[in-house]
>>> print(open('coords_27.tsv').read())   # TSV, N, CA and C atoms
chain	number	residue	atom	x	y	z
A	1	MET	N	0.85	-1.17	0.00
A	1	MET	CA	0.00	0.00	0.00
A	1	MET	C	0.90	1.23	0.00
A	2	ASN	N	0.47	2.22	-0.75
A	2	ASN	CA	1.22	3.48	-0.76
A	2	ASN	C	0.41	4.57	-0.05
A	3	SER	N	1.00	5.73	0.10
A	3	SER	CA	0.33	6.78	0.87
A	3	SER	C	-0.96	7.25	0.20
A	4	GLN	N	-1.03	7.30	-1.14
A	4	GLN	CA	-2.25	7.73	-1.82
A	4	GLN	C	-3.39	6.74	-1.57
A	5	GLN	N	-3.09	5.45	-1.59
A	5	GLN	CA	-4.11	4.44	-1.29
A	5	GLN	C	-4.59	4.58	0.15
A	6	ALA	N	-3.67	4.82	1.07
A	6	ALA	CA	-4.05	5.00	2.47
A	6	ALA	C	-4.95	6.22	2.64
A	7	VAL	N	-4.62	7.30	1.96
A	7	VAL	CA	-5.43	8.52	2.04
A	7	VAL	C	-6.84	8.26	1.50
A	8	THR	N	-6.96	7.50	0.43
A	8	THR	CA	-8.27	7.17	-0.14
A	8	THR	C	-9.10	6.39	0.87
A	9	LEU	N	-8.50	5.39	1.50
A	9	LEU	CA	-9.23	4.58	2.48
A	9	LEU	C	-9.60	5.40	3.71
A	10	LEU	N	-8.66	6.18	4.19
A	10	LEU	CA	-8.94	7.01	5.37
A	10	LEU	C	-9.99	8.07	5.07
A	11	SER	N	-9.98	8.62	3.87
A	11	SER	CA	-10.97	9.62	3.48
A	11	SER	C	-12.37	9.02	3.48
A	12	ALA	N	-12.47	7.78	3.02
A	12	ALA	CA	-13.77	7.12	3.00
A	12	ALA	C	-14.32	6.92	4.41
A	13	LEU	N	-13.45	6.74	5.36
A	13	LEU	CA	-13.87	6.50	6.75
A	13	LEU	C	-13.98	7.79	7.56
A	14	ALA	N	-13.56	8.91	7.00
A	14	ALA	CA	-13.49	10.18	7.73
A	14	ALA	C	-14.82	10.91	7.74
A	15	GLN	N	-15.88	10.19	7.99
A	15	GLN	CA	-17.23	10.75	8.10
A	15	GLN	C	-17.98	9.85	9.06
A	16	GLU	N	-18.69	10.42	10.00
A	16	GLU	CA	-19.29	9.64	11.10
A	16	GLU	C	-20.19	8.51	10.62
A	17	ALA	N	-21.09	8.78	9.70
A	17	ALA	CA	-22.01	7.73	9.24
A	17	ALA	C	-21.25	6.61	8.53
A	18	ARG	N	-20.28	6.96	7.69
A	18	ARG	CA	-19.52	5.93	6.98
A	18	ARG	C	-18.69	5.10	7.95
A	19	LEU	N	-18.12	5.73	8.94
A	19	LEU	CA	-17.37	4.98	9.95
A	19	LEU	C	-18.30	4.03	10.69
A	20	ASP	N	-19.49	4.49	11.05
A	20	ASP	CA	-20.47	3.63	11.72
A	20	ASP	C	-20.87	2.45	10.84
A	21	ILE	N	-21.09	2.73	9.56
A	21	ILE	CA	-21.46	1.67	8.62
A	21	ILE	C	-20.35	0.64	8.52
A	22	PHE	N	-19.12	1.11	8.36
A	22	PHE	CA	-18.00	0.19	8.23
A	22	PHE	C	-17.84	-0.65	9.49
A	23	ARG	N	-17.92	-0.04	10.64
A	23	ARG	CA	-17.78	-0.79	11.90
A	23	ARG	C	-18.90	-1.81	12.05
A	24	CYS	N	-20.11	-1.44	11.65
A	24	CYS	CA	-21.24	-2.36	11.68
A	24	CYS	C	-20.97	-3.57	10.79
A	25	LEU	N	-20.43	-3.32	9.60
A	25	LEU	CA	-20.13	-4.42	8.67
A	25	LEU	C	-18.97	-5.28	9.16
A	26	VAL	N	-17.99	-4.67	9.79
A	26	VAL	CA	-16.89	-5.46	10.37
A	26	VAL	C	-17.45	-6.41	11.42
A	27	GLN	N	-18.35	-5.92	12.25
A	27	GLN	CA	-18.95	-6.75	13.30
A	27	GLN	C	-19.83	-7.85	12.72
A	28	ALA	N	-20.44	-7.60	11.56
A	28	ALA	CA	-21.35	-8.57	10.96
A	28	ALA	C	-20.61	-9.78	10.39
A	29	GLY	N	-19.34	-9.62	10.10
A	29	GLY	CA	-18.57	-10.74	9.55
A	29	GLY	C	-18.67	-10.82	8.04
A	30	PRO	N	-18.07	-11.85	7.46
A	30	PRO	CA	-17.99	-11.98	6.01
A	30	PRO	C	-19.35	-12.08	5.29
A	31	ALA	N	-20.37	-12.57	5.96
A	31	ALA	CA	-21.69	-12.69	5.33
A	31	ALA	C	-22.29	-11.32	5.04
A	32	GLY	N	-21.92	-10.33	5.82
A	32	GLY	CA	-22.39	-8.97	5.61
A	32	GLY	C	-23.83	-8.75	6.01
A	33	LEU	N	-24.38	-7.62	5.58
A	33	LEU	CA	-25.75	-7.23	5.91
A	33	LEU	C	-26.40	-6.61	4.69
A	34	SER	N	-27.70	-6.73	4.62
A	34	SER	CA	-28.42	-6.06	3.54
A	34	SER	C	-28.51	-4.57	3.86
A	35	ALA	N	-28.75	-3.78	2.83
A	35	ALA	CA	-28.88	-2.34	3.02
A	35	ALA	C	-30.01	-2.02	4.00
A	36	GLY	N	-31.10	-2.77	3.92
A	36	GLY	CA	-32.23	-2.54	4.83
A	36	GLY	C	-31.87	-2.75	6.28
A	37	VAL	N	-31.11	-3.79	6.55
A	37	VAL	CA	-30.70	-4.07	7.93
A	37	VAL	C	-29.74	-2.98	8.42
A	38	ILE	N	-28.82	-2.57	7.57
A	38	ILE	CA	-27.89	-1.49	7.95
A	38	ILE	C	-28.69	-0.23	8.27
A	39	SER	N	-29.64	0.10	7.41
A	39	SER	CA	-30.47	1.29	7.60
A	39	SER	C	-31.22	1.25	8.93
A	40	GLN	N	-31.84	0.11	9.22
A	40	GLN	CA	-32.59	-0.03	10.47
A	40	GLN	C	-31.67	-0.01	11.68
A	41	THR	N	-30.55	-0.69	11.59
A	41	THR	CA	-29.63	-0.78	12.72
A	41	THR	C	-29.05	0.58	13.09
A	42	LEU	N	-28.66	1.35	12.06
A	42	LEU	CA	-27.98	2.62	12.31
A	42	LEU	C	-28.90	3.84	12.20
A	43	HIS	N	-30.16	3.60	11.89
A	43	HIS	CA	-31.15	4.69	11.75
A	43	HIS	C	-30.70	5.72	10.72
A	44	ILE	N	-30.30	5.20	9.56
A	44	ILE	CA	-29.87	6.06	8.45
A	44	ILE	C	-30.90	5.90	7.33
A	45	PRO	N	-31.45	6.98	6.84
A	45	PRO	CA	-32.42	6.89	5.73
A	45	PRO	C	-31.79	6.20	4.50
A	46	ASN	N	-32.61	5.46	3.76
A	46	ASN	CA	-32.10	4.69	2.61
A	46	ASN	C	-31.34	5.54	1.60
A	47	SER	N	-31.85	6.72	1.28
A	47	SER	CA	-31.17	7.54	0.28
A	47	SER	C	-29.79	7.99	0.77
A	48	THR	N	-29.70	8.34	2.03
A	48	THR	CA	-28.42	8.73	2.61
A	48	THR	C	-27.49	7.53	2.70
A	49	LEU	N	-28.04	6.39	3.09
A	49	LEU	CA	-27.24	5.17	3.20
A	49	LEU	C	-26.64	4.79	1.86
A	50	SER	N	-27.43	4.89	0.81
A	50	SER	CA	-26.98	4.56	-0.53
A	50	SER	C	-25.75	5.38	-0.91
A	51	PHE	N	-25.78	6.66	-0.62
A	51	PHE	CA	-24.65	7.54	-0.89
A	51	PHE	C	-23.40	7.07	-0.15
A	52	HIS	N	-23.55	6.78	1.14
A	52	HIS	CA	-22.40	6.37	1.95
A	52	HIS	C	-21.86	5.01	1.52
A	53	LEU	N	-22.75	4.08	1.19
A	53	LEU	CA	-22.31	2.77	0.72
A	53	LEU	C	-21.52	2.90	-0.59
A	54	LYS	N	-21.97	3.78	-1.45
A	54	LYS	CA	-21.26	4.02	-2.71
A	54	LYS	C	-19.85	4.54	-2.44
A	55	GLU	N	-19.73	5.49	-1.52
A	55	GLU	CA	-18.41	6.05	-1.19
A	55	GLU	C	-17.47	4.99	-0.61
A	56	LEU	N	-17.99	4.17	0.30
A	56	LEU	CA	-17.17	3.11	0.89
A	56	LEU	C	-16.78	2.07	-0.15
A	57	SER	N	-17.70	1.73	-1.02
A	57	SER	CA	-17.45	0.76	-2.07
A	57	SER	C	-16.42	1.29	-3.06
A	58	HIS	N	-16.57	2.54	-3.45
A	58	HIS	CA	-15.64	3.16	-4.40
A	58	HIS	C	-14.20	3.16	-3.85
A	59	ALA	N	-14.07	3.37	-2.55
A	59	ALA	CA	-12.75	3.38	-1.91
A	59	ALA	C	-12.19	1.97	-1.73
A	60	GLY	N	-13.03	0.96	-1.85
A	60	GLY	CA	-12.58	-0.42	-1.67
A	60	GLY	C	-12.67	-0.91	-0.24
A	61	MET	N	-13.38	-0.18	0.60
A	61	MET	CA	-13.52	-0.59	2.00
A	61	MET	C	-14.62	-1.62	2.20
A	62	ILE	N	-15.58	-1.68	1.28
A	62	ILE	CA	-16.65	-2.67	1.37
A	62	ILE	C	-16.88	-3.27	-0.01
A	63	SER	N	-17.56	-4.40	-0.03
A	63	SER	CA	-17.95	-5.00	-1.30
A	63	SER	C	-19.45	-5.33	-1.23
A	64	ALA	N	-20.05	-5.43	-2.40
A	64	ALA	CA	-21.48	-5.70	-2.50
A	64	ALA	C	-21.69	-6.99	-3.27
A	65	LYS	N	-22.67	-7.76	-2.82
A	65	LYS	CA	-23.00	-9.02	-3.47
A	65	LYS	C	-24.52	-9.10	-3.59
A	66	GLN	N	-25.01	-9.28	-4.80
A	66	GLN	CA	-26.46	-9.36	-5.00
A	66	GLN	C	-26.91	-10.80	-4.85
A	67	GLU	N	-27.95	-10.99	-4.04
A	67	GLU	CA	-28.60	-12.28	-3.87
A	67	GLU	C	-30.09	-12.04	-4.01
A	68	SER	N	-30.65	-12.59	-5.07
A	68	SER	CA	-32.07	-12.39	-5.37
A	68	SER	C	-32.31	-10.89	-5.55
A	69	ARG	N	-33.23	-10.33	-4.80
A	69	ARG	CA	-33.50	-8.90	-4.95
A	69	ARG	C	-32.78	-8.05	-3.90
A	70	PHE	N	-31.95	-8.67	-3.10
A	70	PHE	CA	-31.24	-7.95	-2.05
A	70	PHE	C	-29.76	-7.80	-2.39
A	71	ILE	N	-29.18	-6.72	-1.93
A	71	ILE	CA	-27.73	-6.52	-2.04
A	71	ILE	C	-27.16	-6.58	-0.63
A	72	TYR	N	-26.18	-7.46	-0.47
A	72	TYR	CA	-25.53	-7.61	0.82
A	72	TYR	C	-24.16	-6.95	0.75
A	73	TYR	N	-23.88	-6.15	1.76
A	73	TYR	CA	-22.61	-5.43	1.85
A	73	TYR	C	-21.76	-6.07	2.93
A	74	SER	N	-20.49	-6.17	2.68
A	74	SER	CA	-19.58	-6.70	3.69
A	74	SER	C	-18.28	-5.89	3.68
A	75	ALA	N	-17.64	-5.89	4.82
A	75	ALA	CA	-16.36	-5.19	4.95
A	75	ALA	C	-15.31	-5.90	4.12
A	76	ASN	N	-14.43	-5.14	3.54
A	76	ASN	CA	-13.31	-5.70	2.81
A	76	ASN	C	-12.16	-5.81	3.82
A	77	TYR	N	-12.05	-6.99	4.42
A	77	TYR	CA	-11.07	-7.20	5.48
A	77	TYR	C	-9.64	-7.08	4.95
A	78	GLN	N	-9.43	-7.43	3.70
A	78	GLN	CA	-8.09	-7.31	3.12
A	78	GLN	C	-7.66	-5.84	3.08
A	79	SER	N	-8.56	-4.96	2.63
A	79	SER	CA	-8.23	-3.53	2.61
A	79	SER	C	-8.03	-2.99	4.03
A	80	MET	N	-8.90	-3.40	4.94
A	80	MET	CA	-8.80	-2.95	6.32
A	80	MET	C	-7.46	-3.37	6.92
A	81	ASN	N	-7.10	-4.62	6.73
A	81	ASN	CA	-5.84	-5.11	7.30
A	81	ASN	C	-4.63	-4.47	6.63
A	82	ALA	N	-4.72	-4.23	5.33
A	82	ALA	CA	-3.61	-3.55	4.63
A	82	ALA	C	-3.43	-2.14	5.17
A	83	LEU	N	-4.54	-1.45	5.44
A	83	LEU	CA	-4.46	-0.10	6.00
A	83	LEU	C	-3.86	-0.13	7.40
A	84	LEU	N	-4.31	-1.07	8.21
A	84	LEU	CA	-3.76	-1.18	9.57
A	84	LEU	C	-2.26	-1.49	9.53
A	85	THR	N	-1.88	-2.36	8.64
A	85	THR	CA	-0.47	-2.70	8.49
A	85	THR	C	0.33	-1.47	8.05
A	86	TYR	N	-0.20	-0.74	7.09
A	86	TYR	CA	0.48	0.47	6.62
A	86	TYR	C	0.64	1.49	7.75
A	87	LEU	N	-0.42	1.66	8.54
A	87	LEU	CA	-0.37	2.65	9.62
A	87	LEU	C	0.57	2.25	10.76
A	88	THR	N	0.73	0.96	10.97
A	88	THR	CA	1.55	0.50	12.09
A	88	THR	C	2.91	-0.04	11.65
A	89	ASP	N	3.19	0.04	10.36
A	89	ASP	CA	4.48	-0.43	9.86
A	89	ASP	C	5.60	0.33	10.56
A	90	ASN	N	6.55	-0.42	11.07
A	90	ASN	CA	7.69	0.16	11.80
A	90	ASN	C	7.25	0.97	13.01
A	91	CYS	N	6.21	0.55	13.62
A	91	CYS	CA	5.63	1.23	14.79
A	91	CYS	C	6.67	1.41	15.90
A	92	CYS	N	6.84	2.62	16.32
A	92	CYS	CA	7.66	2.97	17.50
A	92	CYS	C	9.03	2.31	17.47
A	93	ALA	N	9.58	2.15	16.29
A	93	ALA	CA	10.90	1.54	16.14
A	93	ALA	C	10.96	0.17	16.81
A	94	GLY	N	9.83	-0.54	16.82
A	94	GLY	CA	9.80	-1.89	17.37
A	94	GLY	C	9.70	-1.97	18.87
A	95	GLN	N	9.48	-0.87	19.56
A	95	GLN	CA	9.35	-0.89	21.01
A	95	GLN	C	7.94	-1.38	21.37
A	96	ALA	N	7.86	-2.50	22.02
A	96	ALA	CA	6.61	-3.17	22.31
A	96	ALA	C	5.68	-2.33	23.19
A	97	ALA	N	6.21	-1.46	24.02
A	97	ALA	CA	5.39	-0.71	24.97
A	97	ALA	C	4.38	0.21	24.30
A	98	CYS	N	4.65	0.69	23.11
A	98	CYS	CA	3.73	1.63	22.48
A	98	CYS	C	2.99	1.03	21.29
A	99	CYS	N	3.17	-0.24	21.01
A	99	CYS	CA	2.57	-0.87	19.83
A	99	CYS	C	1.29	-1.62	20.18
A	100	PRO	N	0.37	-1.67	19.21
A	100	PRO	CA	-0.82	-2.50	19.42
A	100	PRO	C	-0.41	-3.96	19.59
A	101	ASP	N	-1.24	-4.72	20.27
A	101	ASP	CA	-0.95	-6.13	20.51
A	101	ASP	C	-0.58	-6.84	19.22
A	102	MET	N	0.51	-7.55	19.24
A	102	MET	CA	0.96	-8.42	18.17
A	102	MET	C	1.28	-7.70	16.86
A	103	GLN	N	1.22	-6.40	16.76
A	103	GLN	CA	1.52	-5.72	15.51
A	103	GLN	C	3.01	-5.58	15.28
A	104	CYS	N	3.72	-5.15	16.29
A	104	CYS	CA	5.15	-4.91	16.05
A	104	CYS	C	5.99	-5.33	17.25
A	105	GLN	N	5.64	-6.45	17.80
A	105	GLN	CA	6.42	-6.95	18.92
A	105	GLN	C	7.82	-7.30	18.43
A	106	PRO	N	8.82	-6.90	19.17
A	106	PRO	CA	10.18	-7.26	18.76
A	106	PRO	C	10.33	-8.77	18.70
A	107	THR	N	11.05	-9.25	17.72
A	107	THR	CA	11.24	-10.69	17.62
A	107	THR	C	12.25	-11.13	18.65
A	108	LYS	N	11.98	-12.29	19.23
A	108	LYS	CA	12.88	-12.86	20.22
A	108	LYS	C	13.64	-13.99	19.57
A	109	GLU	N	14.93	-13.99	19.78
A	109	GLU	CA	15.72	-15.09	19.24
A	109	GLU	C	15.53	-16.30	20.12
A	110	ASN	N	15.57	-17.46	19.50
A	110	ASN	CA	15.42	-18.72	20.25
A	110	ASN	C	16.58	-18.86	21.21
A	111	ASP	N	16.27	-19.36	22.39
A	111	ASP	CA	17.33	-19.58	23.40
A	111	ASP	C	18.20	-20.72	23.03
>>> encode(input="coords_27.tsv", output="structure tokens")
Amino acid sequence: MNSQQAVTLLSALAQEARLDIFRCLVQAGPAGLSAGVISQTLHIPNSTLSFHLKELSHAGMISAKQESRFIYYSANYQSMNALLTYLTDNCCAGQAACCPDMQCQPTKEND
């Protein structure tokens, strides 16, 4: 991932409703949720939700899958993990005290 890709992903999440939608989809797991369920869960009107889903999809943070007459949205875990890796790459020069769990723990040599 390069800095422009990271900016695109972060820009997509830099709005309260879109961040809520993305977090909701992350919690839902790979099966995702239909637009109707997202709308009801987060109390976002359908027209507004459609706009936010388009923005997240365009950035690559979510994907859509049509089943019958419903569209199911799910988080793109690969993009999410790539962004997290990019943000924590070389975290704190490898000092475990300031790093997220298991992200940049210094490697221990075998005894």
>>> atom_distance(input="coords_27.tsv", atom1="atom C of Ile38 (chain A)", atom2="atom C of Leu10 (chain A)")
20.7 Å
>>> select_by_dssp(input="coords_27.tsv", residues="chain A", states="strand (DSSP E)", output="list in words")
Leu33, Ser34, Ile62, Ser63, Ala64, Lys65, Gln66, Glu67, Phe70, Ile71, Tyr72, Tyr73, Ser74 and Ala75 of chain A
>>> atom_distance(input="coords_27.tsv", atom1="atom C of Glu67 (chain A)", atom2="atom N of Val37 (chain A)")
13.4 Å
>>> atom_distance(input="coords_27.tsv", atom1="atom N of Ser47 (chain A)", atom2="atom C of Leu9 (chain A)")
22.4 Å
>>> closest_residue(input="coords_27.tsv", among="A:Cys98, A:Gly29, A:Ser34, A:His52", to="Ala17 (chain A)", atoms="only N, CA and C atoms")
A:His52
>>> residues_around(input="coords_27.tsv", residues="Met1 (chain A)", least_positions_apart="2", cutoff="8 Å", atoms="all atoms listed in the file", output="VMD selection string")
chain A and resid 3 to 6 82 to 83 86
>>> closest_residue(input="coords_27.tsv", among="A:Leu19, A:Asn90, A:Glu55, A:Ile62", to="Leu42 (chain A)", atoms="only C-alpha atoms")
A:Leu19
>>> axis_aligned_box(input="coords_27.tsv", around="region 58-75 of chain A", padding_each_side="4 Å", output="lines of an AutoDock Vina configuration file")
center_x = -22.8
center_y = -4.6
center_z = -0.3
size_x = 29.3
size_y = 24.0
size_z = 18.5
>>> select_by_dssp(input="coords_27.tsv", residues="region 60-91 of chain A", states="helix (DSSP H, G or I)", output="PyMOL selection string")
chain A and resi 77-88+91
>>> write_last_selection(input="coords_27.tsv", atoms="N, CA and C atoms", output="PDB file, in the frame of the given file")
ATOM      1  N   TYR A  77     -12.050  -6.990   4.420  1.00  0.00           N
ATOM      2  CA  TYR A  77     -11.070  -7.200   5.480  1.00  0.00           C
ATOM      3  C   TYR A  77      -9.640  -7.080   4.950  1.00  0.00           C
ATOM      4  N   GLN A  78      -9.430  -7.430   3.700  1.00  0.00           N
ATOM      5  CA  GLN A  78      -8.090  -7.310   3.120  1.00  0.00           C
ATOM      6  C   GLN A  78      -7.660  -5.840   3.080  1.00  0.00           C
ATOM      7  N   SER A  79      -8.560  -4.960   2.630  1.00  0.00           N
ATOM      8  CA  SER A  79      -8.230  -3.530   2.610  1.00  0.00           C
ATOM      9  C   SER A  79      -8.030  -2.990   4.030  1.00  0.00           C
ATOM     10  N   MET A  80      -8.900  -3.400   4.940  1.00  0.00           N
ATOM     11  CA  MET A  80      -8.800  -2.950   6.320  1.00  0.00           C
ATOM     12  C   MET A  80      -7.460  -3.370   6.920  1.00  0.00           C
ATOM     13  N   ASN A  81      -7.100  -4.620   6.730  1.00  0.00           N
ATOM     14  CA  ASN A  81      -5.840  -5.110   7.300  1.00  0.00           C
ATOM     15  C   ASN A  81      -4.630  -4.470   6.630  1.00  0.00           C
ATOM     16  N   ALA A  82      -4.720  -4.230   5.330  1.00  0.00           N
ATOM     17  CA  ALA A  82      -3.610  -3.550   4.630  1.00  0.00           C
ATOM     18  C   ALA A  82      -3.430  -2.140   5.170  1.00  0.00           C
ATOM     19  N   LEU A  83      -4.540  -1.450   5.440  1.00  0.00           N
ATOM     20  CA  LEU A  83      -4.460  -0.100   6.000  1.00  0.00           C
ATOM     21  C   LEU A  83      -3.860  -0.130   7.400  1.00  0.00           C
ATOM     22  N   LEU A  84      -4.310  -1.070   8.210  1.00  0.00           N
ATOM     23  CA  LEU A  84      -3.760  -1.180   9.570  1.00  0.00           C
ATOM     24  C   LEU A  84      -2.260  -1.490   9.530  1.00  0.00           C
ATOM     25  N   THR A  85      -1.880  -2.360   8.640  1.00  0.00           N
ATOM     26  CA  THR A  85      -0.470  -2.700   8.490  1.00  0.00           C
ATOM     27  C   THR A  85       0.330  -1.470   8.050  1.00  0.00           C
ATOM     28  N   TYR A  86      -0.200  -0.740   7.090  1.00  0.00           N
ATOM     29  CA  TYR A  86       0.480   0.470   6.620  1.00  0.00           C
ATOM     30  C   TYR A  86       0.640   1.490   7.750  1.00  0.00           C
ATOM     31  N   LEU A  87      -0.420   1.660   8.540  1.00  0.00           N
ATOM     32  CA  LEU A  87      -0.370   2.650   9.620  1.00  0.00           C
ATOM     33  C   LEU A  87       0.570   2.250  10.760  1.00  0.00           C
ATOM     34  N   THR A  88       0.730   0.960  10.970  1.00  0.00           N
ATOM     35  CA  THR A  88       1.550   0.500  12.090  1.00  0.00           C
ATOM     36  C   THR A  88       2.910  -0.040  11.650  1.00  0.00           C
ATOM     37  N   CYS A  91       6.210   0.550  13.620  1.00  0.00           N
ATOM     38  CA  CYS A  91       5.630   1.230  14.790  1.00  0.00           C
ATOM     39  C   CYS A  91       6.670   1.410  15.900  1.00  0.00           C
TER      40      CYS A  91
END
>>> closest_residue(input="coords_27.tsv", among="A:Ser57, A:Asp20, A:Ile71, A:Asn81", to="His43 (chain A)", atoms="only C-alpha atoms")
A:Asp20
>>> residues_around(input="coords_27.tsv", residues="Ile21 (chain A)", least_positions_apart="4", cutoff="12 Å", atoms="only C-alpha atoms", output="count of residues only")
37
>>> build_atoms(input="coords_27.tsv", residues="region 55-75 of chain A", atoms="N, CA, C and O atoms", output="tab-separated table (two decimals), keeping the file's coordinate frame")
chain	number	residue	atom	x	y	z
A	55	GLU	N	-19.73	5.49	-1.52
A	55	GLU	CA	-18.41	6.05	-1.19
A	55	GLU	C	-17.47	4.99	-0.61
A	55	GLU	O	-16.30	4.92	-0.99
A	56	LEU	N	-17.99	4.17	0.30
A	56	LEU	CA	-17.17	3.11	0.89
A	56	LEU	C	-16.78	2.07	-0.15
A	56	LEU	O	-15.65	1.58	-0.16
A	57	SER	N	-17.70	1.73	-1.02
A	57	SER	CA	-17.45	0.76	-2.07
A	57	SER	C	-16.42	1.29	-3.06
A	57	SER	O	-15.49	0.57	-3.46
A	58	HIS	N	-16.57	2.54	-3.45
A	58	HIS	CA	-15.64	3.16	-4.40
A	58	HIS	C	-14.20	3.16	-3.85
A	58	HIS	O	-13.24	2.97	-4.59
A	59	ALA	N	-14.07	3.37	-2.55
A	59	ALA	CA	-12.75	3.38	-1.91
A	59	ALA	C	-12.19	1.97	-1.73
A	59	ALA	O	-11.00	1.81	-1.47
A	60	GLY	N	-13.03	0.96	-1.85
A	60	GLY	CA	-12.58	-0.42	-1.67
A	60	GLY	C	-12.67	-0.91	-0.24
A	60	GLY	O	-12.11	-1.95	0.09
A	61	MET	N	-13.38	-0.18	0.60
A	61	MET	CA	-13.52	-0.59	2.00
A	61	MET	C	-14.62	-1.62	2.20
A	61	MET	O	-14.61	-2.35	3.19
A	62	ILE	N	-15.58	-1.68	1.28
A	62	ILE	CA	-16.65	-2.67	1.37
A	62	ILE	C	-16.88	-3.27	-0.01
A	62	ILE	O	-16.45	-2.71	-1.02
A	63	SER	N	-17.56	-4.40	-0.03
A	63	SER	CA	-17.95	-5.00	-1.30
A	63	SER	C	-19.45	-5.33	-1.23
A	63	SER	O	-20.01	-5.47	-0.15
A	64	ALA	N	-20.05	-5.43	-2.40
A	64	ALA	CA	-21.48	-5.70	-2.50
A	64	ALA	C	-21.69	-6.99	-3.27
A	64	ALA	O	-20.97	-7.29	-4.22
A	65	LYS	N	-22.67	-7.76	-2.82
A	65	LYS	CA	-23.00	-9.02	-3.47
A	65	LYS	C	-24.52	-9.10	-3.59
A	65	LYS	O	-25.23	-8.98	-2.59
A	66	GLN	N	-25.01	-9.28	-4.80
A	66	GLN	CA	-26.46	-9.36	-5.00
A	66	GLN	C	-26.91	-10.80	-4.85
A	66	GLN	O	-26.34	-11.71	-5.44
A	67	GLU	N	-27.95	-10.99	-4.04
A	67	GLU	CA	-28.60	-12.28	-3.87
A	67	GLU	C	-30.09	-12.04	-4.01
A	67	GLU	O	-30.69	-11.35	-3.19
A	68	SER	N	-30.65	-12.59	-5.07
A	68	SER	CA	-32.07	-12.39	-5.37
A	68	SER	C	-32.31	-10.89	-5.55
A	68	SER	O	-31.62	-10.24	-6.31
A	69	ARG	N	-33.23	-10.33	-4.80
A	69	ARG	CA	-33.50	-8.90	-4.95
A	69	ARG	C	-32.78	-8.05	-3.90
A	69	ARG	O	-32.99	-6.84	-3.84
A	70	PHE	N	-31.95	-8.67	-3.10
A	70	PHE	CA	-31.24	-7.95	-2.05
A	70	PHE	C	-29.76	-7.80	-2.39
A	70	PHE	O	-29.17	-8.66	-3.03
A	71	ILE	N	-29.18	-6.72	-1.93
A	71	ILE	CA	-27.73	-6.52	-2.04
A	71	ILE	C	-27.16	-6.58	-0.63
A	71	ILE	O	-27.62	-5.89	0.27
A	72	TYR	N	-26.18	-7.46	-0.47
A	72	TYR	CA	-25.53	-7.61	0.82
A	72	TYR	C	-24.16	-6.95	0.75
A	72	TYR	O	-23.39	-7.17	-0.18
A	73	TYR	N	-23.88	-6.15	1.76
A	73	TYR	CA	-22.61	-5.43	1.85
A	73	TYR	C	-21.76	-6.07	2.93
A	73	TYR	O	-22.27	-6.46	3.99
A	74	SER	N	-20.49	-6.17	2.68
A	74	SER	CA	-19.58	-6.70	3.69
A	74	SER	C	-18.28	-5.89	3.68
A	74	SER	O	-17.91	-5.30	2.68
A	75	ALA	N	-17.64	-5.89	4.82
A	75	ALA	CA	-16.36	-5.19	4.95
A	75	ALA	C	-15.31	-5.90	4.12
A	75	ALA	O	-15.32	-7.13	4.01
